[in-house]
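Dumped model.txt below, it's compact mmCIF, C-alpha atoms:
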# COMPACT_ATOMS: atom_id res chain seq x y z
CA MET X 49 29.01 19.86 -13.67
CA LYS X 50 26.82 20.49 -16.72
CA PHE X 51 24.23 18.33 -18.50
CA GLN X 52 20.96 18.45 -20.45
CA VAL X 53 17.92 16.16 -20.17
CA ASN X 54 14.47 15.69 -21.68
CA ARG X 55 11.91 17.70 -19.75
CA ASP X 56 9.13 15.05 -19.60
CA VAL X 57 11.50 12.27 -18.50
CA LEU X 58 12.97 14.58 -15.86
CA VAL X 59 9.55 15.50 -14.48
CA ASP X 60 8.53 11.86 -14.10
CA SER X 61 11.81 10.80 -12.47
CA VAL X 62 12.05 13.73 -10.04
CA ALA X 63 8.40 13.20 -8.98
CA PHE X 64 9.13 9.53 -8.27
CA ALA X 65 12.07 10.36 -5.99
CA ALA X 66 10.30 13.28 -4.29
CA ARG X 67 7.39 11.04 -3.32
CA LEU X 68 9.72 9.09 -1.02
CA LEU X 69 11.07 12.19 0.77
CA GLN X 70 10.10 12.56 4.42
CA ALA X 71 7.55 15.27 5.15
CA LYS X 72 9.65 16.43 8.11
CA PRO X 73 13.29 15.34 7.65
CA THR X 74 15.50 15.28 10.73
CA SER X 75 18.09 17.51 9.03
CA GLN X 76 18.16 19.83 6.03
CA VAL X 77 20.60 17.65 4.13
CA LEU X 78 18.09 14.76 4.21
CA SER X 79 15.58 16.96 2.38
CA GLY X 80 17.97 16.99 -0.55
CA MET X 81 17.81 15.22 -3.89
CA ARG X 82 21.17 13.98 -5.15
CA LEU X 83 21.99 14.42 -8.83
CA VAL X 84 24.93 12.48 -10.28
CA ALA X 85 25.84 13.17 -13.91
CA ASP X 86 28.32 10.78 -15.52
CA ALA X 87 28.87 9.35 -19.03
CA ASN X 88 25.47 9.53 -20.71
CA SER X 89 23.23 9.29 -17.67
CA LEU X 90 21.80 11.19 -14.72
CA GLN X 91 21.16 9.35 -11.46
CA ILE X 92 18.50 10.90 -9.23
CA SER X 93 18.21 9.71 -5.63
CA VAL X 94 16.91 10.52 -2.16
CA PHE X 95 17.77 8.86 1.17
CA ASP X 96 16.90 9.53 4.81
CA HIS X 97 18.58 6.50 6.48
CA ASP X 98 15.23 4.62 6.45
CA VAL X 99 13.99 4.85 2.86
CA SER X 100 15.89 5.44 -0.36
CA ALA X 101 14.72 5.92 -3.95
CA GLN X 102 16.90 6.06 -7.01
CA THR X 103 16.43 6.12 -10.75
CA GLU X 104 18.60 6.73 -13.79
CA ILE X 105 17.75 8.54 -17.03
CA VAL X 106 19.57 9.37 -20.26
CA ALA X 107 21.41 12.70 -20.22
CA ASN X 108 23.71 14.65 -22.50
CA VAL X 109 26.56 15.18 -20.05
CA GLU X 110 29.09 17.86 -20.87
CA THR X 111 30.81 17.85 -17.46
CA SER X 112 30.42 15.07 -14.89
CA GLY X 113 29.70 15.83 -11.26
CA THR X 114 27.49 15.43 -8.20
CA THR X 115 25.28 17.95 -6.46
CA LEU X 116 22.52 18.09 -3.84
CA VAL X 117 19.49 20.41 -3.92
CA SER X 118 16.14 20.67 -2.17
CA GLY X 119 14.08 17.77 -3.48
CA ARG X 120 10.64 19.27 -2.97
CA LEU X 121 11.64 22.59 -4.52
CA LEU X 122 13.18 20.89 -7.54
CA ASN X 123 10.03 18.80 -7.98
CA GLU X 124 7.82 21.89 -7.92
CA ILE X 125 10.03 23.72 -10.41
CA VAL X 126 10.46 20.99 -13.04
CA GLY X 127 6.73 20.24 -12.98
CA ARG X 128 6.01 23.75 -14.26
CA LEU X 129 8.73 24.10 -16.88
CA PRO X 130 7.86 24.58 -20.56
CA ASN X 131 8.16 21.59 -22.88
CA GLN X 132 11.78 22.12 -23.88
CA PRO X 133 15.12 20.50 -22.99
CA VAL X 134 16.39 21.31 -19.48
CA THR X 135 19.99 22.31 -18.83
CA PHE X 136 21.68 22.07 -15.42
CA GLU X 137 24.97 23.70 -14.53
CA VAL X 138 26.70 23.92 -11.14
CA SER X 139 28.95 26.85 -10.29
CA GLY X 140 30.23 27.11 -6.73
CA THR X 141 27.27 26.70 -4.35
CA LYS X 142 24.61 27.42 -6.98
CA LEU X 143 22.76 25.16 -9.39
CA SER X 144 21.56 26.93 -12.52
CA LEU X 145 18.52 25.39 -14.23
CA THR X 146 17.50 26.66 -17.67
CA CYS X 147 14.53 25.64 -19.81
CA GLY X 148 13.63 27.88 -22.72
CA SER X 149 13.33 31.38 -21.30
CA SER X 150 12.86 30.07 -17.74
CA LYS X 151 15.92 30.20 -15.49
CA PHE X 152 16.36 29.32 -11.81
CA GLU X 153 19.35 29.51 -9.48
CA LEU X 154 19.11 27.13 -6.54
CA ALA X 155 21.31 26.92 -3.49
CA THR X 156 23.08 23.57 -3.19
CA LEU X 157 23.30 21.56 0.03
CA PRO X 158 26.56 20.14 1.48
CA ILE X 159 26.97 16.90 -0.48
CA GLU X 160 29.76 15.72 1.82
CA GLN X 161 27.20 15.35 4.64
CA TYR X 162 24.84 13.22 2.56
CA PRO X 163 24.62 9.53 3.58
CA THR X 164 25.80 6.75 1.28
CA LEU X 165 22.99 4.90 -0.48
CA PRO X 166 22.40 1.41 0.95
CA PRO X 167 23.34 -1.70 -1.06
CA VAL X 168 20.49 -3.71 -2.60
CA PRO X 169 20.15 -7.24 -1.12
CA GLU X 170 20.07 -10.27 -3.38
CA VAL X 171 16.75 -10.65 -5.20
CA SER X 172 14.33 -12.94 -3.32
CA GLY X 173 11.81 -13.23 -6.13
CA THR X 174 9.93 -11.53 -8.94
CA ILE X 175 6.22 -10.76 -9.23
CA ASP X 176 3.88 -9.47 -11.91
CA GLY X 177 3.68 -5.69 -11.55
CA ASP X 178 -0.11 -5.38 -11.73
CA SER X 179 -0.58 -8.19 -9.19
CA PHE X 180 1.92 -6.51 -6.85
CA ILE X 181 0.20 -3.13 -7.06
CA ASN X 182 -3.31 -4.56 -6.64
CA ALA X 183 -2.27 -6.59 -3.60
CA ILE X 184 -0.86 -3.52 -1.85
CA ARG X 185 -3.96 -1.47 -2.61
CA ARG X 186 -6.32 -4.15 -1.39
CA VAL X 187 -4.64 -5.04 1.90
CA SER X 188 -3.62 -1.51 2.93
CA VAL X 189 -7.23 -0.65 3.82
CA ALA X 190 -6.80 -2.76 6.96
CA SER X 191 -3.64 -1.05 8.19
CA ALA X 192 -3.75 1.24 11.24
CA LYS X 193 -2.24 4.71 10.92
CA ASP X 194 -1.77 5.55 14.60
CA SER X 195 -1.57 2.22 16.41
CA THR X 196 0.94 1.76 19.23
CA ARG X 197 1.64 -1.77 17.94
CA ALA X 198 4.23 -1.72 15.17
CA PHE X 199 2.84 -4.63 13.14
CA GLN X 200 -0.51 -2.84 12.75
CA LYS X 201 1.20 0.06 10.92
CA GLY X 202 2.82 -2.15 8.31
CA ILE X 203 2.22 -4.71 5.58
CA GLN X 204 3.74 -8.14 6.04
CA ILE X 205 5.41 -9.70 2.99
CA LYS X 206 5.74 -13.45 3.53
CA ALA X 207 7.01 -15.57 0.66
CA ASP X 208 8.17 -19.02 -0.36
CA ASN X 209 9.35 -20.20 -3.76
CA GLU X 210 5.87 -20.19 -5.32
CA SER X 211 3.83 -17.38 -3.78
CA VAL X 212 3.93 -14.27 -1.64
CA MET X 213 1.29 -13.31 0.92
CA PHE X 214 0.61 -9.64 1.67
CA THR X 215 -1.14 -9.02 5.02
CA ALA X 216 -2.27 -5.95 6.95
CA ALA X 217 -4.17 -5.78 10.23
CA ASP X 218 -5.60 -3.25 12.65
CA PRO X 219 -7.58 -3.82 15.88
CA ASN X 220 -10.82 -4.44 13.95
CA ARG X 221 -9.85 -6.27 10.77
CA ILE X 222 -7.32 -8.21 8.72
CA ALA X 223 -6.82 -8.13 4.95
CA ARG X 224 -4.63 -10.55 3.05
CA CYS X 225 -3.90 -11.36 -0.57
CA LYS X 226 -1.81 -14.22 -1.96
CA VAL X 227 -0.03 -13.77 -5.29
CA GLY X 228 2.05 -16.21 -7.31
CA TRP X 229 5.69 -15.31 -7.92
CA LEU X 230 9.04 -16.76 -8.90
CA GLY X 231 10.86 -17.16 -5.60
CA LYS X 232 14.62 -17.60 -5.53
CA SER X 233 15.60 -17.86 -1.86
CA GLY X 234 13.09 -20.07 -0.04
CA SER X 235 10.97 -18.73 2.82
CA VAL X 236 11.47 -15.03 3.62
CA SER X 237 9.38 -12.42 5.40
CA ALA X 238 9.45 -8.78 6.43
CA VAL X 239 7.06 -6.06 7.59
CA VAL X 240 7.25 -2.72 5.79
CA LEU X 241 5.56 0.53 6.83
CA THR X 242 2.25 0.80 4.99
CA LYS X 243 2.83 4.39 3.86
CA THR X 244 6.09 3.36 2.20
CA MET X 245 4.35 0.47 0.45
CA GLN X 246 1.63 2.83 -0.78
CA ASP X 247 4.25 5.24 -2.13
CA ILE X 248 5.90 2.34 -3.95
CA GLU X 249 2.56 1.21 -5.35
CA LYS X 250 1.95 4.66 -6.83
CA SER X 251 5.50 4.90 -8.19
CA PHE X 252 5.65 1.45 -9.84
CA ALA X 253 2.41 1.61 -11.82
CA ASN X 254 2.78 0.44 -15.44
CA LEU X 255 6.44 -0.54 -14.99
CA GLY X 256 5.94 -4.28 -15.42
CA GLU X 257 7.66 -7.00 -13.39
CA VAL X 258 8.81 -6.12 -9.86
CA SER X 259 11.80 -7.72 -8.12
CA ILE X 260 11.69 -7.88 -4.33
CA SER X 261 14.83 -8.33 -2.23
CA ILE X 262 14.48 -9.23 1.44
CA ALA X 263 17.71 -9.18 3.43
CA ALA X 264 18.65 -12.58 4.86
CA GLU X 265 18.39 -13.24 8.57
CA GLY X 266 21.37 -11.75 10.37
CA GLU X 267 21.75 -8.89 7.91
CA ARG X 268 20.45 -5.38 8.51
CA GLY X 269 16.68 -5.55 8.13
CA MET X 270 15.97 -4.17 4.70
CA VAL X 271 13.71 -4.74 1.70
CA ALA X 272 14.35 -3.47 -1.84
CA PHE X 273 11.87 -3.14 -4.70
CA GLN X 274 13.04 -2.80 -8.31
CA ALA X 275 11.08 -2.16 -11.50
CA LYS X 276 12.77 -1.10 -14.73
CA ASN X 277 15.03 1.85 -13.84
CA ARG X 278 13.57 2.47 -10.37
CA ILE X 279 14.78 1.16 -7.02
CA VAL X 280 13.31 1.74 -3.57
CA THR X 281 14.92 0.40 -0.38
CA THR X 282 13.41 0.57 3.07
CA VAL X 283 14.27 -0.64 6.55
CA VAL X 284 11.77 -3.10 7.98
CA LEU X 285 9.68 -2.62 11.09
CA ASN X 286 11.28 -4.24 14.09
CA ILE X 287 8.80 -7.00 14.96
CA GLU X 288 10.06 -10.06 16.79
CA ASN X 289 6.86 -12.12 16.67
CA TYR X 290 4.30 -11.30 14.01
CA PRO X 291 0.88 -12.71 15.01
CA ASP X 292 -0.17 -16.07 13.56
CA ILE X 293 -2.73 -14.74 11.10
CA ASP X 294 -3.61 -18.17 9.68
CA GLN X 295 -5.50 -19.12 12.83
CA TYR X 296 -8.09 -16.42 12.13
CA PHE X 297 -8.90 -17.83 8.69
CA PRO X 298 -10.30 -21.34 9.22
CA THR X 299 -11.19 -23.36 6.14
CA ASN X 300 -14.39 -25.26 5.31
CA LEU X 301 -16.69 -22.95 7.27
CA GLU X 302 -20.27 -24.21 7.27
CA ASP X 303 -22.23 -20.96 7.61
CA SER X 304 -22.13 -18.31 4.89
CA SER X 305 -24.21 -15.88 2.87
CA VAL X 306 -23.81 -14.91 -0.81
CA ILE X 307 -25.00 -11.44 -1.82
CA ASN X 308 -24.75 -9.15 -4.82
CA LYS X 309 -21.84 -6.91 -3.86
CA GLN X 310 -23.12 -3.65 -5.31
CA ASP X 311 -26.59 -4.13 -3.82
CA LEU X 312 -24.99 -4.59 -0.41
CA ILE X 313 -22.77 -1.51 -0.82
CA ASP X 314 -25.70 0.65 -1.96
CA ALA X 315 -27.96 -0.52 0.86
CA THR X 316 -25.25 0.09 3.45
CA ARG X 317 -24.61 3.61 2.15
CA ARG X 318 -28.30 4.45 2.39
CA VAL X 319 -28.78 3.07 5.89
CA GLU X 320 -25.56 4.66 7.19
CA LEU X 321 -26.92 8.13 6.39
CA VAL X 322 -28.56 8.18 9.85
CA VAL X 323 -25.62 6.54 11.62
CA ASN X 324 -23.27 8.46 13.91
CA GLU X 325 -19.90 7.12 12.73
CA SER X 326 -18.21 7.51 16.11
CA GLU X 327 -20.82 5.54 18.09
CA ASP X 328 -23.46 3.78 16.01
CA THR X 329 -23.47 0.71 13.82
CA VAL X 330 -25.59 -1.06 11.24
CA ARG X 331 -27.21 -4.37 12.15
CA TYR X 332 -27.03 -7.01 9.42
CA SER X 333 -29.52 -9.84 9.87
CA PHE X 334 -28.64 -12.72 7.55
CA GLU X 335 -31.73 -14.80 6.77
CA ALA X 336 -32.50 -17.68 4.39
CA ASP X 337 -33.20 -15.50 1.36
CA SER X 338 -32.32 -11.95 2.43
CA VAL X 339 -30.13 -9.62 4.46
CA ALA X 340 -31.95 -7.02 6.51
CA LEU X 341 -30.03 -3.83 7.34
CA GLU X 342 -31.07 -1.58 10.22
CA SER X 343 -29.38 1.44 11.78
CA THR X 344 -28.79 1.51 15.53
CA SER X 345 -28.96 5.26 16.02
CA SER X 346 -30.97 6.45 19.01
CA GLU X 347 -32.28 9.53 17.16
CA ASN X 348 -32.87 8.53 13.53
CA ASN X 349 -33.56 5.15 11.98
CA ALA X 350 -33.36 3.47 8.60
CA SER X 351 -33.83 -0.08 7.36
CA GLU X 352 -33.63 -2.03 4.11
CA SER X 353 -33.69 -5.62 2.90
CA ILE X 354 -31.86 -7.13 -0.09
CA GLU X 355 -31.80 -10.59 -1.65
CA ALA X 356 -29.24 -13.11 -0.39
CA THR X 357 -28.61 -16.87 -0.25
CA LEU X 358 -27.83 -18.32 3.17
CA ALA X 359 -26.10 -21.60 3.96
CA GLY X 360 -26.39 -22.50 7.65
CA SER X 361 -28.17 -20.80 10.52
CA PRO X 362 -29.56 -17.25 10.47
CA THR X 363 -27.41 -14.76 12.34
CA SER X 364 -27.43 -11.08 13.25
CA LEU X 365 -24.29 -8.96 13.62
CA ARG X 366 -23.44 -5.27 13.95
CA PHE X 367 -20.62 -3.52 12.10
CA LYS X 368 -19.25 -0.05 11.60
CA PRO X 369 -20.55 0.69 8.10
CA ASN X 370 -17.35 2.37 6.88
CA LEU X 371 -15.27 -0.70 7.81
CA PHE X 372 -17.84 -2.99 6.20
CA ILE X 373 -17.76 -1.02 2.93
CA ASP X 374 -13.95 -0.94 2.95
CA GLY X 375 -13.95 -4.71 2.60
CA LEU X 376 -16.69 -4.82 -0.03
CA ASN X 377 -14.82 -2.29 -2.17
CA GLN X 378 -11.89 -4.72 -2.48
CA ILE X 379 -14.03 -7.60 -3.75
CA ASN X 380 -13.43 -7.98 -7.50
CA SER X 381 -16.56 -9.89 -8.46
CA GLU X 382 -20.31 -9.45 -8.87
CA PHE X 383 -21.08 -11.35 -5.68
CA VAL X 384 -19.50 -11.42 -2.25
CA LYS X 385 -19.38 -14.44 0.02
CA ILE X 386 -19.59 -13.67 3.75
CA GLU X 387 -18.53 -16.54 6.00
CA PHE X 388 -19.29 -16.66 9.72
CA THR X 389 -16.62 -17.87 12.12
CA LYS X 390 -16.78 -18.94 15.76
CA ASN X 391 -15.47 -16.74 18.55
CA GLN X 392 -12.34 -18.58 19.71
CA ARG X 393 -12.30 -16.99 23.17
CA ASP X 394 -16.02 -17.02 23.94
CA PRO X 395 -18.25 -19.44 21.94
CA SER X 396 -21.36 -17.64 23.23
CA ARG X 397 -20.39 -14.51 21.30
CA PRO X 398 -20.21 -14.09 17.51
CA GLY X 399 -16.90 -14.40 15.71
CA PRO X 400 -15.55 -12.31 12.84
CA ILE X 401 -16.89 -12.52 9.31
CA ILE X 402 -14.66 -13.25 6.31
CA MET X 403 -15.42 -11.61 2.96
CA SER X 404 -14.24 -13.15 -0.31
CA SER X 405 -15.05 -12.95 -4.00
CA GLN X 406 -17.81 -15.09 -5.52
CA ILE X 407 -18.23 -15.36 -9.31
CA SER X 408 -21.94 -16.23 -9.03
CA LYS X 409 -24.41 -17.35 -6.38
CA ASP X 410 -23.06 -20.88 -6.68
CA ALA X 411 -19.47 -20.53 -7.94
CA ALA X 412 -16.46 -19.51 -5.87
CA SER X 413 -13.75 -17.25 -7.25
CA PRO X 414 -10.04 -18.12 -7.55
CA ASP X 415 -9.27 -14.67 -6.16
CA SER X 416 -7.24 -15.14 -2.97
CA TYR X 417 -8.25 -11.87 -1.27
CA ARG X 418 -9.77 -12.24 2.20
CA TYR X 419 -11.11 -9.48 4.45
CA LEU X 420 -11.82 -10.35 8.08
CA LEU X 421 -13.96 -7.95 10.14
CA ASN X 422 -14.81 -8.20 13.83
CA PRO X 423 -18.46 -7.50 14.77
CA ASN X 424 -19.13 -4.57 17.05
CA MET X 425 -19.90 -5.87 20.54
CA LEU X 426 -21.52 -2.70 21.90
CA LYS X 427 -25.28 -2.15 21.95
CA ARG X 428 -26.06 -5.78 21.29
Would you mind giving the structure from this file in structure tokens?
Amino acid sequence: MKFQVNRDVLVDSVAFAARLLQAKPTSQVLSGMRLVADANSLQISVFDHDVSAQTEIVANVETSGTTLVSGRLLNEIVGRLPNQPVTFEVSGTKLSLTCGSSKFELATLPIEQYPTLPPVPEVSGTIDGDSFINAIRRVSVASAKDSTRAFQKGIQIKADNESVMFTAADPNRIARCKVGWLGKSGSVSAVVLTKTMQDIEKSFANLGEVSISIAAEGERGMVAFQAKNRIVTTVVLNIENYPDIDQYFPTNLEDSSVINKQDLIDATRRVELVVNESEDTVRYSFEADSVALESTSSENNASESIEATLAGSPTSLRFKPNLFIDGLNQINSEFVKIEFTKNQRDPSRPGPIIMSSQISKDAASPDSYRYLLNPNMLKR
């Protein structure tokens, strides 16, 4: 096996595949990166039975072949090579890598033990690349990292022929974003681990249109993402009954407040300086023409008031300031609209708020992003 490739193209492609490698693979062979040289191309892939990544680049192939080497080590090496063509050659159990005056000899891994890459399901639909990436970024803030409930560690992809809804939820909040797409297989849905979705988001930037394939019911649960010469497949989280998220987002709510987003972020960041993140909250009192912020710390205190426009009755709620700012940071407009819901289980207690974009004090935004946050019930 012997071939030569462009250094910059190699660096980009190896980094893409290495990003999907497990931090702690269950066996050494699963830490490997497979290189397949044939005709005028080099296929680079990784696979750990749950997630696979593969890409193909142009190569000057002198001798075809397949080999397997440590993916993380290869990524570190190629990222530091000089800007010259890179030559690979396999002899026995060693892979020789040469670039200018730099030369490395790497031990190969047993390719015969490497699992076969999974087949890609039929394409379910295609979506604009920037819309796809932005949706993942915006909803992932509401995903739990260490929850015992599987659905809280993933992002739900739920699509019909016209649109796809991305949703993430943890015990305190829900974020969702609806994006138009060209669906090809009717209603489909799957829940994918949030970390995998975030890795895909970073890897697919500036690649244009993304095709999403969700395996049909009855097939092995799998989702594939394709953009240009890159493919990522992943098994789905095993969730029999995903919660009915729609019930938490009632329409035509009567009570709301419209506030300049940046003013609200800045005020929250100032008041939270005296807040103990693990215990204390910020009280937001929504009045006819203002929002008053006050810390609830027992030792230090801070307060501030900013302009706002209220529709409905005044209300006062407490929130963890970091969770409150997480939602505001995903609002892509000058103003934010905060709607007040009713507590479905106990009408005497406040319900969650729903944040959405607002073009001006009086004009709603077509942006579909919604961020639901539960008020803190302690120290009321």
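Each of X:Ile222, X:Ala192, X:Ile159, X:Ala336 was checked against Pro400 (chain X) using all atoms listed in the file; the smallest atom-to-atom distance is that of X:Ile222.
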Using only C-alpha atoms: which of X:Val212, X:Val322, X:Ile181, X:Ala190 has the shortest distance to Ala253 (chain X): X:Ile181
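Using all atoms listed in the file for every distance, the candidate list X:Met213, X:Phe51, X:Ala101, X:Asp178 yields X:Phe51 as the residue closest to Leu143 (chain X).
Residue nearest Ile92 (chain X), chosen from X:Leu241, X:Leu165, X:Leu157, X:Ile184 and counting only C-alpha atoms: X:Leu165.
Distances to Asp415 (chain X) were evaluated for X:Ser112, X:Asn300, X:Asn182, X:Ser353 using all atoms listed in the file, and the minimum falls at X:Asn182.
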